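Shown next: target.txt, containing compact mmCIF, C-alpha atoms (C1' of nucleotides).
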# COMPACT_ATOMS: atom_id res chain seq x y z
CA MET A 1 -15.68 9.21 -24.64
CA LYS A 2 -14.52 7.87 -21.32
CA SER A 3 -17.10 9.12 -18.90
CA PRO A 4 -15.93 11.50 -16.15
CA ASP A 5 -18.60 9.77 -14.15
CA LYS A 6 -16.62 6.59 -14.08
CA HIS A 7 -13.46 8.44 -13.22
CA ARG A 8 -15.14 9.81 -10.15
CA LYS A 9 -16.77 6.50 -9.33
CA ILE A 10 -13.35 4.86 -9.28
CA ILE A 11 -11.91 7.63 -7.11
CA ARG A 12 -14.72 7.27 -4.66
CA ALA A 13 -14.27 3.54 -4.55
CA ALA A 14 -10.53 3.88 -4.15
CA THR A 15 -10.91 6.34 -1.31
CA LYS A 16 -13.12 3.85 0.45
CA VAL A 17 -10.88 0.87 -0.14
CA PHE A 18 -7.65 2.71 0.72
CA ALA A 19 -9.27 3.94 3.90
CA LYS A 20 -10.31 0.47 4.89
CA LYS A 21 -7.22 -1.48 3.98
CA GLY A 22 -4.44 1.01 3.44
CA PHE A 23 -2.76 1.57 0.12
CA PHE A 24 -0.56 -1.48 0.07
CA ASN A 25 -3.19 -3.91 1.23
CA ALA A 26 -5.77 -2.59 -1.18
CA ARG A 27 -6.02 -4.73 -4.29
CA ILE A 28 -6.93 -3.31 -7.65
CA SER A 29 -9.64 -5.92 -7.79
CA ASP A 30 -11.05 -4.54 -4.52
CA ILE A 31 -11.32 -1.10 -6.01
CA ALA A 32 -12.76 -2.50 -9.21
CA LYS A 33 -15.38 -4.45 -7.33
CA GLU A 34 -16.29 -1.48 -5.15
CA ALA A 35 -16.60 0.71 -8.25
CA LYS A 36 -18.49 -2.04 -10.09
CA VAL A 37 -16.16 -2.04 -13.06
CA ALA A 38 -13.72 -4.59 -14.40
CA ASP A 39 -10.14 -4.57 -13.21
CA GLY A 40 -8.92 -3.55 -16.61
CA THR A 41 -11.26 -0.59 -16.81
CA ILE A 42 -9.34 1.10 -14.06
CA TYR A 43 -6.32 1.24 -16.33
CA LEU A 44 -8.27 3.17 -18.90
CA TYR A 45 -8.60 5.98 -16.37
CA PHE A 46 -5.39 5.69 -14.37
CA ASN A 47 -1.83 4.75 -15.20
CA ASN A 48 -1.24 2.59 -12.19
CA LYS A 49 -2.21 1.99 -8.62
CA PHE A 50 -0.16 4.86 -7.29
CA ASP A 51 -1.71 7.22 -9.79
CA ILE A 52 -5.08 6.40 -8.25
CA LEU A 53 -3.80 7.47 -4.85
CA LEU A 54 -2.53 10.76 -6.22
CA SER A 55 -5.84 11.39 -7.89
CA VAL A 56 -7.64 10.82 -4.63
CA PHE A 57 -5.66 13.68 -3.13
CA GLU A 58 -5.99 15.90 -6.16
CA GLU A 59 -9.72 15.56 -6.10
CA GLU A 60 -10.65 15.28 -2.47
CA ILE A 61 -8.17 17.67 -0.95
CA GLY A 62 -8.69 20.15 -3.73
CA ARG A 63 -12.30 20.27 -2.74
CA LEU A 64 -11.36 20.78 0.88
CA ILE A 65 -9.22 23.77 -0.02
CA GLU A 66 -11.91 25.39 -2.12
CA GLN A 67 -14.48 24.98 0.58
CA VAL A 68 -12.52 26.41 3.46
CA THR A 69 -11.25 29.25 1.29
CA VAL A 70 -14.81 30.35 0.74
CA LEU A 71 -15.53 30.21 4.45
CA LEU A 72 -12.38 32.13 5.35
CA ALA A 73 -13.18 34.87 2.84
CA LYS A 74 -16.21 35.76 4.93
CA GLU A 75 -14.15 36.53 8.01
CA ASP A 76 -11.60 39.17 8.66
CA ASN A 77 -10.79 38.65 12.30
CA PRO A 78 -7.75 36.31 12.42
CA LYS A 79 -8.86 34.78 15.71
CA ARG A 80 -12.17 33.97 14.19
CA MET A 81 -10.50 32.67 11.02
CA LEU A 82 -8.45 30.22 13.01
CA GLU A 83 -11.59 29.04 14.73
CA VAL A 84 -13.27 28.57 11.38
CA PHE A 85 -10.37 26.63 9.93
CA ILE A 86 -10.17 24.29 12.90
CA ALA A 87 -13.88 23.71 13.10
CA ASN A 88 -14.19 23.15 9.38
CA HIS A 89 -11.33 20.71 9.22
CA LEU A 90 -12.64 18.57 12.04
CA GLU A 91 -16.18 18.71 10.72
CA GLU A 92 -15.08 17.62 7.27
CA MET A 93 -13.03 14.78 8.67
CA ARG A 94 -16.03 13.70 10.69
CA LYS A 95 -18.30 13.77 7.67
CA ASN A 96 -15.85 12.04 5.38
CA ARG A 97 -14.14 9.36 7.37
CA ASN A 98 -12.74 7.68 4.35
CA LEU A 99 -10.90 10.77 3.26
CA ALA A 100 -9.73 11.32 6.81
CA GLU A 101 -8.29 7.83 6.92
CA VAL A 102 -6.58 8.29 3.61
CA ILE A 103 -5.01 11.51 4.80
CA HIS A 104 -3.84 9.98 8.04
CA ILE A 105 -2.43 6.85 6.62
CA GLU A 106 -1.34 7.51 3.13
CA MET A 107 0.13 10.95 3.57
CA ARG A 108 2.77 9.31 5.72
CA GLN A 109 3.98 6.81 3.22
CA THR A 110 7.65 7.23 2.68
CA SER A 111 7.36 7.28 -1.07
CA LYS A 112 9.34 10.04 -2.63
CA LEU A 113 6.53 10.70 -5.01
CA ILE A 114 4.04 11.40 -2.27
CA ARG A 115 6.48 13.68 -0.57
CA GLU A 116 6.93 15.63 -3.74
CA TYR A 117 3.24 15.72 -4.19
CA ARG A 118 2.62 16.77 -0.67
CA LYS A 119 4.91 19.70 -1.11
CA ASN A 120 2.79 20.91 -3.95
CA LYS A 121 -0.79 20.17 -3.17
CA PHE A 122 -1.27 19.49 0.47
CA SER A 123 1.01 22.33 1.47
CA GLU A 124 -1.44 24.64 -0.13
CA TYR A 125 -3.96 23.57 2.46
CA LEU A 126 -1.51 23.92 5.33
CA ASP A 127 -0.35 27.29 4.10
CA LEU A 128 -3.81 28.59 4.77
CA ILE A 129 -3.03 28.17 8.46
CA ALA A 130 0.28 29.96 8.15
CA SER A 131 -1.31 32.90 6.39
CA ILE A 132 -3.96 33.21 9.08
CA ILE A 133 -1.25 33.36 11.70
CA GLU A 134 0.74 35.89 9.73
CA ARG A 135 -2.25 38.08 9.27
CA GLY A 136 -2.99 37.90 12.97
CA GLN A 137 0.55 38.93 13.76
CA GLN A 138 0.42 41.84 11.38
CA ALA A 139 -2.83 42.96 12.96
CA GLY A 140 -1.16 42.65 16.34
CA VAL A 141 -3.74 40.24 17.72
CA PHE A 142 -1.34 37.26 17.75
CA ARG A 143 1.98 37.24 19.55
CA GLN A 144 5.01 37.83 17.35
CA ASP A 145 7.43 35.25 18.69
CA ILE A 146 5.78 32.14 17.20
CA HIS A 147 6.78 31.59 13.62
CA PRO A 148 3.82 30.96 11.29
CA GLU A 149 5.57 27.95 9.76
CA ILE A 150 5.87 26.23 13.11
CA ALA A 151 2.38 27.26 14.07
CA LYS A 152 0.95 25.71 10.95
CA GLN A 153 2.71 22.45 11.71
CA ILE A 154 1.65 22.19 15.30
CA ILE A 155 -1.90 23.15 14.53
CA PHE A 156 -2.24 20.72 11.67
CA GLY A 157 -0.50 18.01 13.68
CA ALA A 158 -2.98 18.49 16.46
CA LEU A 159 -5.98 18.44 14.14
CA ASP A 160 -4.72 15.38 12.38
CA GLU A 161 -4.13 13.42 15.54
CA VAL A 162 -7.46 14.40 17.04
CA SER A 163 -9.41 13.48 13.96
CA ARG A 164 -7.49 10.24 13.75
CA ILE A 165 -8.46 9.28 17.25
CA CYS A 166 -12.04 10.46 16.82
CA ASN A 167 -12.46 8.39 13.69
CA LEU A 168 -10.77 5.39 15.18
CA GLY A 169 -13.44 4.05 17.39
CA LYS A 170 -16.47 4.46 19.50
CA GLU A 171 -14.73 4.88 22.79
CA HIS A 172 -13.65 8.44 22.20
CA PRO A 173 -15.22 10.61 24.86
CA PHE A 174 -15.52 13.81 22.79
CA THR A 175 -17.55 15.07 19.94
CA MET A 176 -15.74 16.94 17.22
CA GLU A 177 -17.38 20.11 18.48
CA GLU A 178 -15.94 19.71 21.94
CA ALA A 179 -12.56 18.86 20.51
CA SER A 180 -12.78 21.83 18.22
CA ARG A 181 -13.53 24.19 21.10
CA MET A 182 -10.75 22.81 23.26
CA ILE A 183 -8.18 22.98 20.50
CA THR A 184 -9.09 26.53 19.65
CA ALA A 185 -8.99 27.51 23.29
CA THR A 186 -5.64 25.85 23.84
CA TYR A 187 -4.03 27.52 20.88
CA LEU A 188 -5.48 30.92 21.50
CA GLU A 189 -5.19 31.12 25.23
CA GLY A 190 -2.86 28.32 26.23
CA LEU A 191 -2.99 25.94 29.14
CA LEU A 192 -2.36 28.47 31.84
CA PRO A 193 -5.38 29.90 33.61
CA GLN A 194 -6.35 33.34 32.35
CA ALA A 195 -6.20 34.64 35.89
CA ALA A 196 -2.46 34.04 35.98
CA MET B 1 21.34 -20.21 22.68
CA LYS B 2 20.09 -17.72 20.16
CA SER B 3 22.01 -14.62 20.99
CA PRO B 4 20.05 -11.60 22.21
CA ASP B 5 22.71 -9.70 20.40
CA LYS B 6 21.43 -10.84 17.06
CA HIS B 7 17.87 -10.12 18.09
CA ARG B 8 18.83 -6.53 18.72
CA LYS B 9 20.92 -6.35 15.59
CA ILE B 10 17.93 -7.37 13.53
CA ILE B 11 15.70 -4.86 15.28
CA ARG B 12 18.17 -2.11 14.61
CA ALA B 13 18.42 -3.10 10.99
CA ALA B 14 14.66 -3.35 10.65
CA THR B 15 14.17 0.09 12.16
CA LYS B 16 16.55 1.48 9.62
CA VAL B 17 15.02 -0.30 6.67
CA PHE B 18 11.42 0.41 7.67
CA ALA B 19 12.32 4.05 8.11
CA LYS B 20 13.86 4.22 4.69
CA LYS B 21 11.33 2.27 2.68
CA GLY B 22 8.24 1.91 4.80
CA PHE B 23 6.94 -1.40 6.07
CA PHE B 24 5.40 -2.68 2.87
CA ASN B 25 8.28 -1.75 0.62
CA ALA B 26 10.86 -3.18 2.95
CA ARG B 27 11.96 -6.65 1.93
CA ILE B 28 13.04 -9.26 4.41
CA SER B 29 16.19 -9.61 2.39
CA ASP B 30 16.85 -5.89 2.89
CA ILE B 31 16.66 -6.30 6.63
CA ALA B 32 18.77 -9.44 6.49
CA LYS B 33 21.42 -7.71 4.46
CA GLU B 34 21.44 -4.67 6.73
CA ALA B 35 21.74 -6.92 9.78
CA LYS B 36 24.35 -9.04 8.03
CA VAL B 37 22.52 -12.30 8.57
CA ALA B 38 20.84 -14.73 6.20
CA ASP B 39 17.19 -14.27 5.35
CA GLY B 40 16.30 -17.47 7.15
CA THR B 41 18.00 -16.39 10.34
CA ILE B 42 15.42 -13.69 10.84
CA TYR B 43 12.79 -16.37 11.22
CA LEU B 44 14.67 -17.89 14.11
CA TYR B 45 14.09 -14.68 16.03
CA PHE B 46 10.74 -13.46 14.69
CA ASN B 47 7.58 -15.18 13.56
CA ASN B 48 7.00 -13.04 10.53
CA LYS B 49 7.55 -9.64 9.03
CA PHE B 50 4.82 -8.01 11.02
CA ASP B 51 6.22 -9.41 14.22
CA ILE B 52 9.43 -7.56 13.48
CA LEU B 53 7.54 -4.30 13.28
CA LEU B 54 5.85 -4.93 16.61
CA SER B 55 9.18 -5.73 18.18
CA VAL B 56 10.61 -2.48 16.92
CA PHE B 57 7.96 -0.64 18.91
CA GLU B 58 8.27 -2.84 21.95
CA GLU B 59 11.95 -2.20 22.13
CA GLU B 60 12.43 1.34 20.92
CA ILE B 61 9.36 2.95 22.39
CA GLY B 62 9.78 1.07 25.62
CA ARG B 63 13.16 2.67 25.94
CA LEU B 64 11.68 6.08 25.21
CA ILE B 65 9.16 5.65 28.00
CA GLU B 66 11.77 4.59 30.50
CA GLN B 67 13.98 7.48 29.67
CA VAL B 68 11.43 10.24 29.90
CA THR B 69 9.95 8.74 33.04
CA VAL B 70 13.30 9.15 34.75
CA LEU B 71 13.52 12.76 33.61
CA LEU B 72 10.00 13.56 34.72
CA ALA B 73 10.59 12.07 38.15
CA LYS B 74 13.10 14.81 38.80
CA GLU B 75 10.53 17.57 38.34
CA ASP B 76 7.47 18.43 40.27
CA ASN B 77 6.29 21.58 38.60
CA PRO B 78 3.76 20.51 35.92
CA LYS B 79 4.67 23.42 33.67
CA ARG B 80 8.26 22.34 33.81
CA MET B 81 7.29 18.69 33.28
CA LEU B 82 5.49 19.55 30.09
CA GLU B 83 8.53 21.44 28.89
CA VAL B 84 10.71 18.45 29.67
CA PHE B 85 8.44 16.02 27.87
CA ILE B 86 8.26 18.16 24.76
CA ALA B 87 11.98 18.89 24.66
CA ASN B 88 12.88 15.27 25.27
CA HIS B 89 10.58 13.92 22.61
CA LEU B 90 11.86 16.26 19.94
CA GLU B 91 15.44 15.69 20.96
CA GLU B 92 15.05 11.92 20.81
CA MET B 93 13.39 12.12 17.43
CA ARG B 94 16.23 14.30 16.23
CA LYS B 95 18.83 11.86 17.51
CA ASN B 96 17.07 8.80 16.21
CA ARG B 97 15.63 9.67 12.86
CA ASN B 98 14.96 6.11 11.96
CA LEU B 99 12.75 5.58 14.95
CA ALA B 100 11.04 8.86 14.25
CA GLU B 101 10.26 7.78 10.72
CA VAL B 102 8.96 4.45 11.88
CA ILE B 103 6.67 6.16 14.34
CA HIS B 104 5.38 8.61 11.78
CA ILE B 105 4.78 6.18 9.05
CA GLU B 106 4.08 2.85 10.50
CA MET B 107 1.96 3.85 13.45
CA ARG B 108 -0.60 4.98 10.93
CA GLN B 109 -0.98 1.74 9.10
CA THR B 110 -4.55 0.65 9.15
CA SER B 111 -3.75 -2.83 10.33
CA LYS B 112 -6.00 -3.97 13.10
CA LEU B 113 -3.02 -5.49 14.81
CA ILE B 114 -1.15 -2.23 15.06
CA ARG B 115 -4.20 -0.49 16.36
CA GLU B 116 -4.54 -3.06 19.08
CA TYR B 117 -0.91 -2.76 19.82
CA ARG B 118 -1.01 0.97 19.91
CA LYS B 119 -3.76 0.87 22.47
CA ASN B 120 -1.47 -1.06 24.74
CA LYS B 121 2.04 0.15 24.34
CA PHE B 122 2.14 3.51 22.69
CA SER B 123 -0.74 4.79 24.75
CA GLU B 124 1.46 4.35 27.74
CA TYR B 125 3.76 6.97 26.31
CA LEU B 126 0.93 9.33 25.46
CA ASP B 127 -0.65 8.86 28.85
CA LEU B 128 2.39 10.49 30.34
CA ILE B 129 1.22 13.71 28.75
CA ALA B 130 -2.30 13.30 30.07
CA SER B 131 -1.06 12.71 33.58
CA ILE B 132 1.10 15.83 33.47
CA ILE B 133 -1.93 17.87 32.45
CA GLU B 134 -4.06 16.30 35.14
CA ARG B 135 -1.49 17.00 37.76
CA GLY B 136 -1.25 20.59 36.61
CA GLN B 137 -5.00 20.95 36.85
CA GLN B 138 -5.09 19.52 40.34
CA ALA B 139 -2.36 21.90 41.38
CA GLY B 140 -4.37 24.71 39.85
CA VAL B 141 -1.60 25.84 37.53
CA PHE B 142 -3.40 24.61 34.37
CA ARG B 143 -6.86 25.69 33.37
CA GLN B 144 -9.63 23.21 34.14
CA ASP B 145 -11.68 23.33 30.96
CA ILE B 146 -9.29 21.43 28.71
CA HIS B 147 -9.66 17.71 29.09
CA PRO B 148 -6.35 15.88 29.57
CA GLU B 149 -7.28 13.29 26.96
CA ILE B 150 -7.70 15.95 24.30
CA ALA B 151 -4.63 17.77 25.46
CA LYS B 152 -2.51 14.66 25.11
CA GLN B 153 -3.73 14.18 21.58
CA ILE B 154 -3.14 17.71 20.41
CA ILE B 155 0.25 17.88 22.03
CA PHE B 156 1.42 14.58 20.63
CA GLY B 157 -0.07 15.43 17.24
CA ALA B 158 1.89 18.65 17.20
CA LEU B 159 5.13 16.99 18.26
CA ASP B 160 4.71 14.27 15.71
CA GLU B 161 4.06 16.63 12.85
CA VAL B 162 6.91 18.93 13.78
CA SER B 163 9.41 16.12 14.08
CA ARG B 164 8.16 14.69 10.84
CA ILE B 165 8.82 17.92 9.01
CA CYS B 166 12.13 18.47 10.75
CA ASN B 167 13.35 15.04 9.78
CA LEU B 168 12.07 15.33 6.26
CA GLY B 169 14.60 17.56 4.72
CA LYS B 170 17.16 20.19 4.91
CA GLU B 171 14.94 23.08 4.11
CA HIS B 172 13.33 23.30 7.50
CA PRO B 173 14.11 26.69 8.96
CA PHE B 174 14.10 25.67 12.65
CA THR B 175 16.21 23.68 14.95
CA MET B 176 14.48 21.27 17.26
CA GLU B 177 15.31 23.63 20.13
CA GLU B 178 13.52 26.53 18.53
CA ALA B 179 10.59 24.34 17.68
CA SER B 180 10.55 23.00 21.19
CA ARG B 181 10.44 26.49 22.67
CA MET B 182 7.70 27.66 20.35
CA ILE B 183 5.56 24.63 20.98
CA THR B 184 5.91 24.93 24.73
CA ALA B 185 5.12 28.63 24.56
CA THR B 186 2.10 28.08 22.37
CA TYR B 187 0.63 25.44 24.58
CA LEU B 188 1.32 27.20 27.82
CA GLU B 189 0.51 30.74 26.86
CA GLY B 190 -1.39 30.48 23.61
CA LEU B 191 -1.23 32.62 20.52
CA LEU B 192 -2.70 35.73 22.05
CA PRO B 193 -0.26 38.33 23.30
CA GLN B 194 0.19 38.23 27.05
CA ALA B 195 -0.74 41.88 27.21
CA ALA B 196 -4.28 41.08 26.10
C1' DG C 1 -37.72 2.87 -36.86
C1' DT C 2 -34.30 -0.05 -38.08
C1' DT C 3 -30.21 -1.90 -39.95
C1' DA C 4 -25.24 -1.68 -40.63
C1' DC C 5 -20.95 -1.01 -38.98
C1' DA C 6 -16.94 1.32 -37.21
C1' DA C 7 -14.99 3.31 -33.22
C1' DA C 8 -14.83 3.57 -28.32
C1' DA C 9 -15.23 1.53 -23.99
C1' DA C 10 -15.26 -2.24 -21.06
C1' DT C 11 -14.10 -6.81 -19.78
C1' DG C 12 -11.55 -10.34 -16.96
C1' DA C 13 -8.48 -14.29 -17.47
C1' DG C 14 -3.78 -15.06 -17.11
C1' DG C 15 1.40 -13.72 -17.74
C1' DA C 16 5.03 -12.16 -15.24
C1' DT C 17 7.02 -10.71 -11.26
C1' DT C 18 7.85 -10.03 -6.66
C1' DC C 19 8.78 -11.50 -2.08
C1' DA C 20 7.65 -13.89 2.50
C1' DT C 21 8.59 -18.05 4.23
C1' DT C 22 10.47 -22.85 4.46
C1' DC C 23 13.75 -26.44 5.04
C1' DA C 24 17.61 -29.42 3.63
C1' DT C 25 22.19 -28.54 4.35
C1' DT C 26 26.31 -26.43 6.40
C1' DT C 27 28.72 -24.21 10.11
C1' DT C 28 29.49 -23.25 14.86
C1' DT C 29 29.18 -24.22 19.64
C1' DT C 30 29.21 -27.11 23.65
C1' DA D 1 30.21 -35.88 17.95
C1' DA D 2 25.78 -34.22 19.16
C1' DA D 3 23.09 -30.19 19.46
C1' DA D 4 22.22 -25.59 18.26
C1' DA D 5 22.42 -21.93 15.13
C1' DA D 6 22.80 -20.14 10.70
C1' DT D 7 22.42 -20.36 5.82
C1' DG D 8 20.29 -19.16 1.27
C1' DA D 9 18.22 -21.49 -2.69
C1' DA D 10 13.75 -23.05 -3.70
C1' DT D 11 8.82 -22.67 -3.17
C1' DG D 12 4.49 -20.91 -3.81
C1' DA D 13 1.18 -17.45 -2.90
C1' DA D 14 -0.25 -12.96 -4.13
C1' DT D 15 -1.52 -9.47 -7.42
C1' DC D 16 -0.32 -5.70 -10.71
C1' DC D 17 -1.12 -4.94 -15.15
C1' DT D 18 -1.75 -6.45 -20.17
C1' DC D 19 -4.31 -7.46 -24.04
C1' DA D 20 -7.28 -10.35 -26.96
C1' DT D 21 -11.96 -10.32 -26.97
C1' DT D 22 -16.70 -8.69 -26.17
C1' DT D 23 -20.07 -5.10 -25.48
C1' DT D 24 -21.78 -0.55 -26.06
C1' DT D 25 -22.21 3.72 -28.42
C1' DG D 26 -22.60 6.85 -32.23
C1' DT D 27 -23.99 7.76 -36.81
C1' DA D 28 -25.53 7.41 -41.35
C1' DA D 29 -28.32 5.45 -44.82
C1' DC D 30 -32.58 3.57 -45.99

How does the structure come out when it is put into structure tokens?
Amino acid sequence: MKSPDKHRKIIRAATKVFAKKGFFNARISDIAKEAKVADGTIYLYFNNKFDILLSVFEEEIGRLIEQVTVLLAKEDNPKRMLEVFIANHLEEMRKNRNLAEVIHIEMRQTSKLIREYRKNKFSEYLDLIASIIERGQQAGVFRQDIHPEIAKQIIFGALDEVSRICNLGKEHPFTMEEASRMITATYLEGLLPQAA
Amino acid sequence: MKSPDKHRKIIRAATKVFAKKGFFNARISDIAKEAKVADGTIYLYFNNKFDILLSVFEEEIGRLIEQVTVLLAKEDNPKRMLEVFIANHLEEMRKNRNLAEVIHIEMRQTSKLIREYRKNKFSEYLDLIASIIERGQQAGVFRQDIHPEIAKQIIFGALDEVSRICNLGKEHPFTMEEASRMITATYLEGLLPQAA
DNA sequence: GTTACAAAAATGAGGATTCATTCATTTTTT
DNA sequence: AAAAAATGAATGAATCCTCATTTTTGTAAC
């Protein structure tokens, strides 16, 4: 029986290598070496290089969804839920830089296949944001004139860019916590002073 | 004299091809064909494939900076300036899908070289956002507790994601104008109802 | 415990292909 | 007619993936 262990080992290795070199610059032999298996072994577990990339999403992002879903279930104040989502996302990206890199870089590849895929799997994650917004609007605690679909895009876009910069280098002047607070504040209360 | 005409023609073609296929899937022969020159001709104007990509930024983003700088110079209300920046960015991305694609996709490549480059050239564009925020804070019309550096990231992140989705397909339910309004509103006034 | 052996899993060298780049030649310009 | 520009076929490096072979695992008999 092909061990599920090895499957995971290869995914882990691939995540690391893709993060470091990007999908196209990553060689199968790099992944094989990182996973400590032979090049050919990889093809016992995956159809091709692209299939490895898809599996990285399947596995890693799936986990992300499960985790934040559990956290969100504990809250019922939409404001608070948004805070939780933002904080959790940034914290996870901080803890798992490799995954963060893979999301940043590889999600943008033009490949039709990834786009298809993204519609299915990654959207699920983004839709969590939209449903928080919707809920907040229904409860009357969020303004009605911002469409949840746009809100989900601008919030994810912001999170993605911030975590990209934070993971990029040392010279970033903020911790994820500070960033998290400022993003939440900006979205909830805006840039204008509350006095106004 | 090597004509600057041809230089531009190749850049245009490269922008188109990179947008369609992504940097790594784009073949030099694709660019050559699109530009209607021979493969070898490209190497009279550029050192290598990567150099073409850099030149695309240099040229296209440089133009973007110039343009929005002119627009911003006409305003002196920071709120209004932010509106102008947001609207202009989305409008330009709508008008020039190819450039938009190249920004989305290629700016994220892991390549050290692009990262270096981005620090220099693209940052200039983003810094425009930071300086608007700063100015607003000095004038007391923006709240003080959001750092301009974070603000520039979350605003650009949002713009980038929204234009990415808008350019992706037909099924997007918003025009750039609507998106522009909602983004501006969200950033300025936040998600909470003004009554609160 | 140990031997036998078949099936499963793993190996990694190399075949085949794909392009980026070069350069000898041709075409255009001055 | 010399110089500059352009050409595109040929080169060669890179690497995905295959597959013939080796190693490991599982099991059954003794």

For chain D against chain B, with a cut-off of 10 Å and counting only C-alpha atoms (C1' of nucleotides), what is the closest atom pair and its distance in Å to one decimal for every residue that makes the cut, ordered by chain and number, as a tab-separated table?
residue	atom	partner	partner_atom	distance
D:DA4	C1'	B:Met1	CA	7.0
D:DA5	C1'	B:Lys2	CA	7.0
D:DA6	C1'	B:Thr41	CA	6.1
D:DT7	C1'	B:Ala38	CA	5.9
D:DG8	C1'	B:Ala38	CA	6.7

Discussion item. Show me, as number ranges by chain, the residues that have an atom within 12 Å of C:DT17 when counting all atoms listed in the file, minus same-chain residues fewer than 5 positions from it.
Written reply: D: 14-17

Discussion item. For a test of reading the model, state the distance in Å between atom CA of B:Gly157 and atom CA of A:Glu161, rounded to one decimal.
Written reply: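 Between these atoms lies a distance of 4.8 Å.
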
Can you pull out the residues contacting B:Gln138? Cut-off 10 Å, using all atoms listed in the file, and skip same-chain residues under 6 positions away; I want them as a compact mmCIF listing (two decimals) with C-alpha atoms, in the frame of the given file.
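This went into part30.txt:
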# COMPACT_ATOMS: atom_id res chain seq x y z
CA PRO B 78 3.76 20.51 35.92
CA ILE B 132 1.10 15.83 33.47
CA GLN B 144 -9.63 23.21 34.14

Discussion item. Please determine, counting all atoms listed in the file, which residue among B:Asp5, B:Glu177, B:Tyr43, B:Lys20 has the shortest atom-to-atom distance to chain C.
Written reply: B:Tyr43

Worksheet item: Once you count all atoms listed in the file, which residues end up no further than 12 Å from (11.5, 16.3, 23.8) in the file's frame, shown as a ChimeraX atom specification?
Response: /B:64-65,67-68,71-72,81-95,129,155-156,158-160,162-163,176-181,183-184

Could you build a table of the residues in chain A lying no more than 7 Å from chain B, giving for each the nearest pair of atoms and their separation in Å rounded to one decimal place, using all atoms listed in the file, ordered by chain and ascending residue number, as a tab-separated table?
residue	atom	partner	partner_atom	distance
A:Lys21	CA	B:Thr110	CA	6.2
A:Gly22	CA	B:Thr110	CA	5.7
A:Phe24	CA	B:Phe24	CA	6.7
A:His104	CA	B:Arg108	CA	6.6
A:Ile105	CA	B:Arg108	CA	5.0
A:Arg108	CA	B:Ile105	CA	5.0
A:Gln109	CA	B:Ile105	CA	5.9
A:Thr110	CA	B:Gly22	CA	5.8
A:Val141	CA	B:Leu192	CA	6.3
A:Phe142	CA	B:Leu192	CA	4.8
A:Arg143	CA	B:Pro193	CA	4.5
A:Ile146	CA	B:Met182	CA	5.8
A:Ile150	CA	B:Ala179	CA	6.8
A:Gln153	CA	B:Val162	CA	5.9
A:Ile154	CA	B:Ala158	CA	4.0
A:Ile155	CA	B:Ala158	CA	6.5
A:Gly157	CA	B:Ala158	CA	4.3
A:Ala158	CA	B:Ile154	CA	4.0
A:Leu159	CA	B:Ile154	CA	6.9
A:Asp160	CA	B:Gly157	CA	6.7
A:Glu161	CA	B:Gly157	CA	4.8
A:Val162	CA	B:Gln153	CA	5.9
A:Ala179	CA	B:Ile150	CA	6.8
A:Met182	CA	B:Ile146	CA	5.8
A:Thr186	CA	B:Gly190	CA	6.3
A:Tyr187	CA	B:Gly190	CA	4.8
A:Leu188	CA	B:Gly190	CA	4.6
A:Glu189	CA	B:Gly190	CA	4.2
A:Gly190	CA	B:Gly190	CA	3.7
A:Leu191	CA	B:Leu188	CA	4.7
A:Leu192	CA	B:Phe142	CA	4.7
A:Pro193	CA	B:Arg143	CA	4.5

Item to complete: Please measure the separation of atom CA of A:Lys121 and atom CA of A:Leu54, giving the value in Å to one decimal.
Response: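 Atom-to-atom, atom CA of A:Lys121 to atom CA of A:Leu54, that is 10.0 Å.
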
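Between atom C1' of D:DG26 and atom C1' of C:DA8 there is a distance of 9.3 Å.
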
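Of the listed residues C:DT3, C:DT21, C:DT28, C:DT11, the one whose atoms come nearest to B:Lys49 is C:DT21, with distances taken using only C-alpha atoms (C1' of nucleotides).
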
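Considering all atoms listed in the file, the residue among C:DA20, C:DT25, C:DG14, C:DT30 positioned nearest to chain B is C:DA20.
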
Starting from chain C, keep only residues with some atom at most 12 Å from an atom of chain A, counting only C-alpha atoms (C1' of nucleotides), and report them as a PDB file with C-alpha atoms (C1' of nucleotides), in the coordinates of the input.
ATOM      1  C1'  DA C   7     -14.990   3.310 -33.220  1.00  0.00           C
ATOM      2  C1'  DA C   8     -14.830   3.570 -28.320  1.00  0.00           C
ATOM      3  C1'  DA C   9     -15.230   1.530 -23.990  1.00  0.00           C
ATOM      4  C1'  DA C  10     -15.260  -2.240 -21.060  1.00  0.00           C
ATOM      5  C1'  DT C  11     -14.100  -6.810 -19.780  1.00  0.00           C
ATOM      6  C1'  DG C  12     -11.550 -10.340 -16.960  1.00  0.00           C
ATOM      7  C1'  DA C  13      -8.480 -14.290 -17.470  1.00  0.00           C
TER       8       DA C  13
END

Please report, as JSON, the centre and edge lengths in Å to one decimal of an axis-aligned box covering all listed atoms of stretch 120-132 of chain B with 5 Å per side.
{"center_x": 0.7, "center_y": 7.4, "center_z": 28.1, "size_x": 16.1, "size_y": 26.9, "size_z": 20.9}

Discussion item. Residues within 10 Å of (-11.8, 9.4, -8.6), file coordinates, counting only C-alpha atoms (C1' of nucleotides): what are they? Give the list as a list in words.
Written reply: Pro4, Asp5, Lys6, His7, Arg8, Lys9, Ile10, Ile11, Arg12, Ala13, Ala14, Thr15, Ala35, Tyr45, Phe46, Ile52, Leu53, Leu54, Ser55, Val56, Phe57, Glu58, Glu59 and Glu60 of chain A
